[in-house]
file coords.csv (CSV, C-alpha atoms)
chain,number,residue,atom,x,y,z
V,1,MET,CA,79.5,132.9,-1.0
V,2,PRO,CA,81.0,136.4,-0.5
V,3,PHE,CA,77.8,138.4,-1.0
V,4,ASP,CA,74.2,137.4,-0.1
V,5,LEU,CA,71.4,138.3,-2.4
V,6,SER,CA,68.8,135.9,-0.9
V,7,ASP,CA,65.2,137.0,-1.6
V,8,GLN,CA,66.4,139.6,-4.1
V,9,SER,CA,65.1,139.9,-7.6
V,10,VAL,CA,67.9,140.7,-10.2
V,11,LEU,CA,67.6,141.8,-13.8
V,12,VAL,CA,70.6,141.7,-16.1
V,13,THR,CA,70.5,143.0,-19.6
V,14,GLY,CA,72.6,141.1,-22.2
V,15,GLY,CA,72.9,138.1,-19.9
V,16,THR,CA,73.8,135.2,-22.2
V,17,ARG,CA,77.5,135.7,-22.7
V,18,GLY,CA,80.7,137.1,-21.3
V,19,ILE,CA,80.3,139.5,-18.3
V,20,GLY,CA,76.5,139.3,-18.4
V,21,ARG,CA,76.4,135.6,-18.1
V,22,ALA,CA,78.9,135.7,-15.3
V,23,VAL,CA,76.7,138.2,-13.4
V,24,VAL,CA,73.6,136.0,-14.0
V,25,GLU,CA,75.4,132.9,-12.6
V,26,ALA,CA,77.0,134.8,-9.7
V,27,ALA,CA,73.7,136.3,-8.7
V,28,ALA,CA,72.0,133.0,-8.8
V,29,GLU,CA,74.7,131.5,-6.6
V,30,ALA,CA,74.2,134.3,-4.2
V,31,GLY,CA,70.6,133.3,-3.8
V,32,ALA,CA,68.8,135.8,-6.0
V,33,ARG,CA,65.9,135.3,-8.4
V,34,VAL,CA,67.3,136.1,-11.7
V,35,ALA,CA,65.9,137.5,-14.9
V,36,PHE,CA,68.0,138.4,-18.0
V,37,THR,CA,67.5,139.7,-21.5
V,38,TYR,CA,69.0,138.6,-24.7
V,39,HIS,CA,68.7,139.9,-28.3
V,40,SER,CA,69.2,136.8,-30.5
V,41,SER,CA,70.9,134.0,-28.5
V,42,THR,CA,67.8,132.0,-27.9
V,43,GLU,CA,69.7,128.7,-27.5
V,44,ALA,CA,72.1,130.1,-25.0
V,45,ALA,CA,69.2,131.7,-23.0
V,46,GLU,CA,67.4,128.4,-22.8
V,47,GLU,CA,70.5,126.6,-21.7
V,48,ILE,CA,71.1,129.1,-18.9
V,49,GLU,CA,67.5,128.9,-17.8
V,50,ALA,CA,67.7,125.1,-17.6
V,51,GLN,CA,71.0,125.2,-15.8
V,52,LEU,CA,69.8,127.6,-13.2
V,53,ALA,CA,66.5,125.7,-12.7
V,54,GLU,CA,68.5,122.5,-12.2
V,55,GLU,CA,70.4,124.3,-9.5
V,56,GLY,CA,67.2,125.5,-7.8
V,57,THR,CA,67.2,129.1,-8.9
V,58,LYS,CA,64.0,130.8,-10.1
V,59,ALA,CA,65.1,132.3,-13.5
V,60,GLN,CA,63.5,133.8,-16.5
V,61,SER,CA,64.8,135.1,-19.8
V,62,PHE,CA,63.3,137.7,-22.1
V,63,GLN,CA,64.1,138.3,-25.7
V,64,SER,CA,64.3,142.0,-26.0
V,65,ASP,CA,65.8,144.9,-28.0
V,66,ALA,CA,67.7,146.9,-25.3
V,67,ALA,CA,67.4,150.0,-27.6
V,68,SER,CA,63.6,150.0,-27.4
V,69,THR,CA,62.0,152.0,-24.6
V,70,ASP,CA,58.7,150.1,-24.8
V,71,ALA,CA,60.5,146.7,-24.7
V,72,ALA,CA,62.4,147.7,-21.6
V,73,ALA,CA,59.2,148.8,-19.9
V,74,GLU,CA,57.6,145.5,-20.8
V,75,VAL,CA,60.5,143.5,-19.4
V,76,VAL,CA,60.6,145.4,-16.1
V,77,GLU,CA,56.8,145.0,-15.7
V,78,ALA,CA,57.1,141.3,-16.4
V,79,VAL,CA,59.9,140.8,-13.9
V,80,THR,CA,58.0,142.6,-11.2
V,81,ASP,CA,54.9,140.6,-11.9
V,82,ALA,CA,56.8,137.3,-11.9
V,83,PHE,CA,59.1,138.0,-8.9
V,84,GLY,CA,57.1,140.5,-6.9
V,85,SER,CA,59.8,143.1,-7.0
V,86,LEU,CA,62.9,144.4,-8.9
V,87,ASP,CA,65.7,144.9,-6.4
V,88,VAL,CA,68.8,145.0,-8.6
V,89,LEU,CA,69.1,146.2,-12.2
V,90,VAL,CA,72.4,145.5,-14.0
V,91,ASN,CA,72.7,147.3,-17.3
V,92,ASN,CA,75.2,145.3,-19.2
V,93,ALA,CA,74.0,145.1,-22.8
V,94,GLY,CA,76.6,146.4,-25.2
V,95,ILE,CA,78.2,146.1,-28.6
V,96,THR,CA,81.2,147.5,-30.4
V,97,ARG,CA,81.4,148.9,-33.9
V,98,ASP,CA,85.1,149.9,-33.9
V,99,GLY,CA,86.8,151.9,-36.6
V,100,LEU,CA,88.6,155.1,-37.2
V,101,LEU,CA,86.2,158.1,-37.1
V,102,LEU,CA,87.1,159.0,-40.7
V,103,ARG,CA,85.6,155.7,-41.8
V,104,MET,CA,82.8,155.3,-39.2
V,105,SER,CA,79.3,155.2,-40.6
V,106,GLU,CA,76.4,157.1,-39.0
V,107,ALA,CA,74.6,153.7,-38.7
V,108,ASP,CA,77.5,152.2,-36.7
V,109,TRP,CA,77.6,155.3,-34.5
V,110,ASP,CA,73.9,155.2,-33.9
V,111,ALA,CA,73.8,151.4,-33.2
V,112,THR,CA,76.6,151.8,-30.6
V,113,MET,CA,74.8,154.6,-28.8
V,114,GLU,CA,71.4,153.0,-28.9
V,115,THR,CA,72.6,149.6,-27.6
V,116,ASN,CA,75.2,150.8,-25.1
V,117,LEU,CA,73.8,154.1,-23.8
V,118,LYS,CA,70.1,154.4,-24.7
V,119,SER,CA,69.6,150.9,-23.2
V,120,VAL,CA,70.8,152.2,-19.8
V,121,PHE,CA,68.3,155.1,-20.1
V,122,ASN,CA,65.5,152.7,-21.1
V,123,PHE,CA,65.9,150.1,-18.3
V,124,SER,CA,66.8,152.7,-15.6
V,125,LYS,CA,63.7,154.7,-16.4
V,126,ALA,CA,61.5,151.6,-16.4
V,127,ALA,CA,63.0,150.6,-13.0
V,128,TYR,CA,62.7,154.1,-11.5
V,129,LYS,CA,59.1,154.0,-10.2
V,130,PRO,CA,59.2,150.4,-8.8
V,131,MET,CA,62.4,151.1,-6.9
V,132,MET,CA,61.2,154.5,-5.7
V,133,ARG,CA,57.9,152.9,-4.4
V,134,GLN,CA,59.8,150.2,-2.5
V,135,ARG,CA,62.3,152.8,-1.3
V,136,ALA,CA,65.2,150.5,-2.0
V,137,GLY,CA,67.1,149.3,-5.0
V,138,ARG,CA,70.5,148.9,-6.7
V,139,ILE,CA,71.3,150.0,-10.2
V,140,VAL,CA,74.7,148.9,-11.5
V,141,ASN,CA,75.8,150.1,-14.9
V,142,LEU,CA,78.7,148.6,-16.9
V,143,SER,CA,81.0,151.2,-18.4
V,144,SER,CA,84.6,150.5,-19.5
V,145,VAL,CA,88.2,151.7,-19.1
V,146,VAL,CA,87.9,152.9,-22.7
V,147,GLY,CA,85.1,155.4,-21.6
V,148,LEU,CA,87.5,156.9,-19.0
V,149,ALA,CA,90.8,156.9,-20.9
V,150,GLY,CA,89.8,156.6,-24.6
V,151,ASN,CA,91.3,154.3,-27.3
V,152,PRO,CA,92.1,154.9,-31.0
V,153,GLY,CA,89.4,153.5,-33.2
V,154,GLN,CA,86.8,153.4,-30.5
V,155,THR,CA,85.3,156.9,-30.5
V,156,SER,CA,81.7,155.6,-30.5
V,157,TYR,CA,82.3,153.0,-27.9
V,158,ALA,CA,84.2,155.4,-25.7
V,159,ALA,CA,81.6,158.0,-26.0
V,160,SER,CA,78.8,155.6,-25.1
V,161,LYS,CA,80.7,154.3,-22.1
V,162,ALA,CA,81.7,157.8,-20.9
V,163,GLY,CA,78.0,158.8,-21.2
V,164,ILE,CA,77.1,156.0,-18.8
V,165,VAL,CA,79.3,157.5,-16.1
V,166,GLY,CA,77.7,160.9,-16.3
V,167,PHE,CA,74.2,159.4,-16.5
V,168,SER,CA,74.8,157.3,-13.4
V,169,LYS,CA,76.2,160.1,-11.3
V,170,SER,CA,73.2,162.2,-12.1
V,171,LEU,CA,70.7,159.4,-11.5
V,172,ALA,CA,72.5,158.6,-8.2
V,173,ARG,CA,71.7,162.1,-7.0
V,174,GLU,CA,68.0,161.8,-8.1
V,175,LEU,CA,67.4,158.5,-6.3
V,176,ALA,CA,69.5,158.7,-3.2
V,177,SER,CA,66.7,160.1,-1.0
V,178,ARG,CA,64.6,157.1,-1.9
V,179,GLY,CA,67.2,154.6,-0.8
V,180,VAL,CA,68.2,153.6,-4.3
V,181,THR,CA,71.9,153.5,-5.2
V,182,VAL,CA,73.4,153.9,-8.7
V,183,ASN,CA,77.0,152.8,-9.4
V,184,VAL,CA,79.3,152.0,-12.3
V,185,VAL,CA,81.7,149.1,-12.9
V,186,ALA,CA,84.4,150.0,-15.4
V,187,PRO,CA,86.2,146.8,-16.6
V,188,GLY,CA,89.5,146.9,-18.4
V,189,TYR,CA,90.7,144.1,-20.7
V,190,VAL,CA,88.4,141.1,-20.1
V,191,GLU,CA,88.8,137.8,-21.8
V,192,THR,CA,85.4,137.2,-23.5
V,193,ASP,CA,84.3,136.1,-27.0
V,194,MET,CA,84.4,139.8,-28.0
V,195,THR,CA,88.0,140.2,-27.2
V,196,ASP,CA,88.8,136.7,-28.6
V,197,GLU,CA,88.1,138.2,-32.0
V,198,LEU,CA,90.9,140.7,-31.7
V,199,PRO,CA,94.2,140.0,-33.5
V,200,ASP,CA,96.9,138.3,-31.3
V,201,ARG,CA,99.1,141.4,-31.5
V,202,ALA,CA,96.2,143.7,-30.2
V,203,ARG,CA,95.5,141.3,-27.3
V,204,GLU,CA,99.2,141.2,-26.3
V,205,ALA,CA,99.4,145.0,-26.5
V,206,MET,CA,96.4,145.3,-24.2
V,207,LYS,CA,97.8,142.8,-21.8
V,208,GLY,CA,101.0,144.8,-21.6
V,209,GLN,CA,99.1,147.8,-20.3
V,210,VAL,CA,97.8,145.8,-17.3
V,211,PRO,CA,100.0,146.3,-14.2
V,212,LEU,CA,98.7,143.0,-12.7
V,213,GLY,CA,100.0,141.3,-15.9
V,214,ARG,CA,96.9,139.4,-16.9
V,215,PRO,CA,93.5,140.1,-18.4
V,216,ALA,CA,90.4,139.9,-16.2
V,217,GLN,CA,88.0,137.0,-16.4
V,218,PRO,CA,84.2,137.7,-16.5
V,219,GLU,CA,83.9,136.3,-13.0
V,220,ASP,CA,86.2,139.1,-11.7
V,221,VAL,CA,83.8,141.7,-13.0
V,222,ALA,CA,80.8,139.8,-11.8
V,223,GLN,CA,82.0,139.8,-8.2
V,224,ALA,CA,82.5,143.6,-8.3
V,225,VAL,CA,78.9,143.9,-9.6
V,226,LEU,CA,77.6,141.7,-6.8
V,227,PHE,CA,79.4,143.8,-4.2
V,228,LEU,CA,77.7,147.0,-5.4
V,229,ALA,CA,74.4,145.1,-5.6
V,230,SER,CA,74.7,143.8,-2.0
V,231,GLY,CA,74.1,145.2,1.4
V,232,ALA,CA,77.8,145.5,1.8
V,233,ALA,CA,77.7,148.6,-0.5
V,234,GLY,CA,74.7,150.2,1.0
V,235,TYR,CA,76.5,153.5,1.6
V,236,ILE,CA,78.1,153.7,-1.8
V,237,THR,CA,76.4,155.6,-4.7
V,238,GLY,CA,77.6,157.6,-7.7
V,239,HIS,CA,80.9,155.6,-7.6
V,240,VAL,CA,82.9,154.2,-10.5
V,241,LEU,CA,84.6,151.0,-9.5
V,242,HIS,CA,87.6,150.2,-11.8
V,243,VAL,CA,88.1,146.5,-12.4
V,244,ASP,CA,91.0,146.8,-14.7
V,245,GLY,CA,94.1,145.4,-13.0
V,246,GLY,CA,95.4,148.9,-12.6
V,247,MET,CA,95.2,150.1,-16.2
V,248,ALA,CA,93.5,153.4,-15.4
V,249,MET,CA,95.3,154.3,-12.1
call {"tool": "encode", "arguments": {"input": "coords.csv", "output": "structure tokens"}}
result
Amino acid sequence: MPFDLSDQSVLVTGGTRGIGRAVVEAAAEAGARVAFTYHSSTEAAEEIEAQLAEEGTKAQSFQSDAASTDAAAEVVEAVTDAFGSLDVLVNNAGITRDGLLLRMSEADWDATMETNLKSVFNFSKAAYKPMMRQRAGRIVNLSSVVGLAGNPGQTSYAASKAGIVGFSKSLARELASRGVTVNVVAPGYVETDMTDELPDRAREAMKGQVPLGRPAQPEDVAQAVLFLASGAAGYITGHVLHVDGGMAM
């Protein structure tokens, strides 16, 4: 395995599909104890738990609303109780409510901000004290190439993902003296069930913007997350790692 997370406790938000699931599985393969949250995919969560248990990984899932501050605090407390520590937090939970700004509802804007950006605040705040006390920790937040370059019809999504970058750089400065790093992974076009819903023409157009000539797989992003979570990235903080095949260079 490229990165070793033996004896580490990892919490991934939005861990039942796409990038989140790939991170959960990669962290387990790297030797970590793994917890993950989900909103409504109970069947998928149970399947992942059973799969990891069969492979010898200590794993636990939590049904949780990422937009709820109280729920985030409860999950972090439960993880530290169950695993003894929280060493790595991966803030991955996210949604899209795409549409031109002229037609975007306030409810869609608020839902995107609460799930994508407020969730990062919620879980990072909950993890703040445990990581400070142990004077070690890794927080890895998932942004997007859209948050860096923009995209028509995605003003809410872009704003939420750009906010994650500013949040992470500020938090990195707050926590650096306590040995806690905070970094961002910004994926480009990744083949997931979310992008599968796009029209063929839109997918081909996005693929045409990738210098490497192919979309990313969730596993490509997961390995970047594991790098930033591992000891190999111990002197990296406040960084935005592009995993986009060259889209934003």
call {"tool": "atom_distance", "arguments": {"input": "coords.csv", "atom1": "atom CA of V:Asn122", "atom2": "atom CA of V:Trp109"}}
result
18.2 Å
call {"tool": "residues_around", "arguments": {"input": "coords.csv", "residues": "V:Val210", "least_positions_apart": "2", "cutoff": "7 Å", "atoms": "all atoms listed in the file", "output": "list in words"}}
result
Lys207, Gly208, Leu212, Gly213, Arg214, Gly245, Gly246 and Met247 of chain V
call {"tool": "residues_near_point", "arguments": {"input": "coords.csv", "point": "(64.4, 147.9, -5.9)", "cutoff": "6 Å", "atoms": "all atoms listed in the file", "output": "JSON, numbers by chain"}}
result
{"V": [86, 87, 88, 131, 136, 137]}
call {"tool": "closest_residue", "arguments": {"input": "coords.csv", "among": "V:Ser68, V:Ser143, V:Gln154, V:Gln134", "to": "V:Thr115", "atoms": "all atoms listed in the file"}}
result
V:Ser68
call {"tool": "residues_around", "arguments": {"input": "coords.csv", "residues": "V:Tyr128", "least_positions_apart": "3", "cutoff": "10 Å", "atoms": "all atoms listed in the file", "output": "ChimeraX atom specification"}}
result
/V:123-125,131-133,137,139,171,174-175,180
call {"tool": "residues_near_point", "arguments": {"input": "coords.csv", "point": "(88.9, 155.2, -32.2)", "cutoff": "12 Å", "atoms": "only C-alpha atoms", "output": "ChimeraX atom specification"}}
result
/V:96-104,109,146-147,149-159
call {"tool": "closest_residue", "arguments": {"input": "coords.csv", "among": "V:Glu204, V:Asp108, V:Asp244, V:Glu25", "to": "V:Leu148", "atoms": "only C-alpha atoms"}}
result
V:Asp244
call {"tool": "closest_residue", "arguments": {"input": "coords.csv", "among": "V:His239, V:Asn92, V:Gly231, V:Met206", "to": "V:Ile19", "atoms": "all atoms listed in the file"}}
result
V:Asn92
call {"tool": "residues_around", "arguments": {"input": "coords.csv", "residues": "stretch 40-45 of chain V", "least_positions_apart": "3", "cutoff": "9 Å", "atoms": "only C-alpha atoms", "output": "tab-separated table (two decimals) with C-alpha atoms, keeping the file's coordinate frame"}}
result
chain	number	residue	atom	x	y	z
V	15	GLY	CA	72.90	138.10	-19.90
V	16	THR	CA	73.80	135.20	-22.20
V	17	ARG	CA	77.50	135.70	-22.70
V	36	PHE	CA	68.00	138.40	-18.00
V	37	THR	CA	67.50	139.70	-21.50
V	48	ILE	CA	71.10	129.10	-18.90
V	49	GLU	CA	67.50	128.90	-17.80
V	50	ALA	CA	67.70	125.10	-17.60
V	60	GLN	CA	63.50	133.80	-16.50
V	61	SER	CA	64.80	135.10	-19.80
V	62	PHE	CA	63.30	137.70	-22.10
V	63	GLN	CA	64.10	138.30	-25.70
V	64	SER	CA	64.30	142.00	-26.00
call {"tool": "atom_distance", "arguments": {"input": "coords.csv", "atom1": "atom CA of V:Val34", "atom2": "atom CA of V:Phe167"}}
result
24.8 Å
call {"tool": "atom_distance", "arguments": {"input": "coords.csv", "atom1": "atom CA of V:Ser6", "atom2": "atom CA of V:Glu54"}}
result
17.5 Å
call {"tool": "residues_around", "arguments": {"input": "coords.csv", "residues": "V:Ala27", "least_positions_apart": "2", "cutoff": "9 Å", "atoms": "only C-alpha atoms", "output": "MDAnalysis selection string"}}
result
chainID V and resid 3:5 10 22:25 29:34 222 226
call {"tool": "residues_around", "arguments": {"input": "coords.csv", "residues": "V:Leu117", "least_positions_apart": "2", "cutoff": "8 Å", "atoms": "all atoms listed in the file", "output": "list of chain:residue names"}}
result
V:Thr112, V:Met113, V:Glu114, V:Thr115, V:Ser119, V:Val120, V:Phe121, V:Ser160, V:Lys161, V:Gly163, V:Ile164
call {"tool": "closest_residue", "arguments": {"input": "coords.csv", "among": "V:Ala93, V:Ala67, V:Ala82, V:Glu106", "to": "V:Tyr38", "atoms": "all atoms listed in the file"}}
result
V:Ala93
call {"tool": "closest_residue", "arguments": {"input": "coords.csv", "among": "V:Gly238, V:Gly94, V:Gly56, V:Gly14", "to": "V:Ala172", "atoms": "all atoms listed in the file"}}
result
V:Gly238
call {"tool": "closest_residue", "arguments": {"input": "coords.csv", "among": "V:Glu46, V:Asp81, V:Asp65, V:Glu191", "to": "V:Pro215", "atoms": "all atoms listed in the file"}}
result
V:Glu191
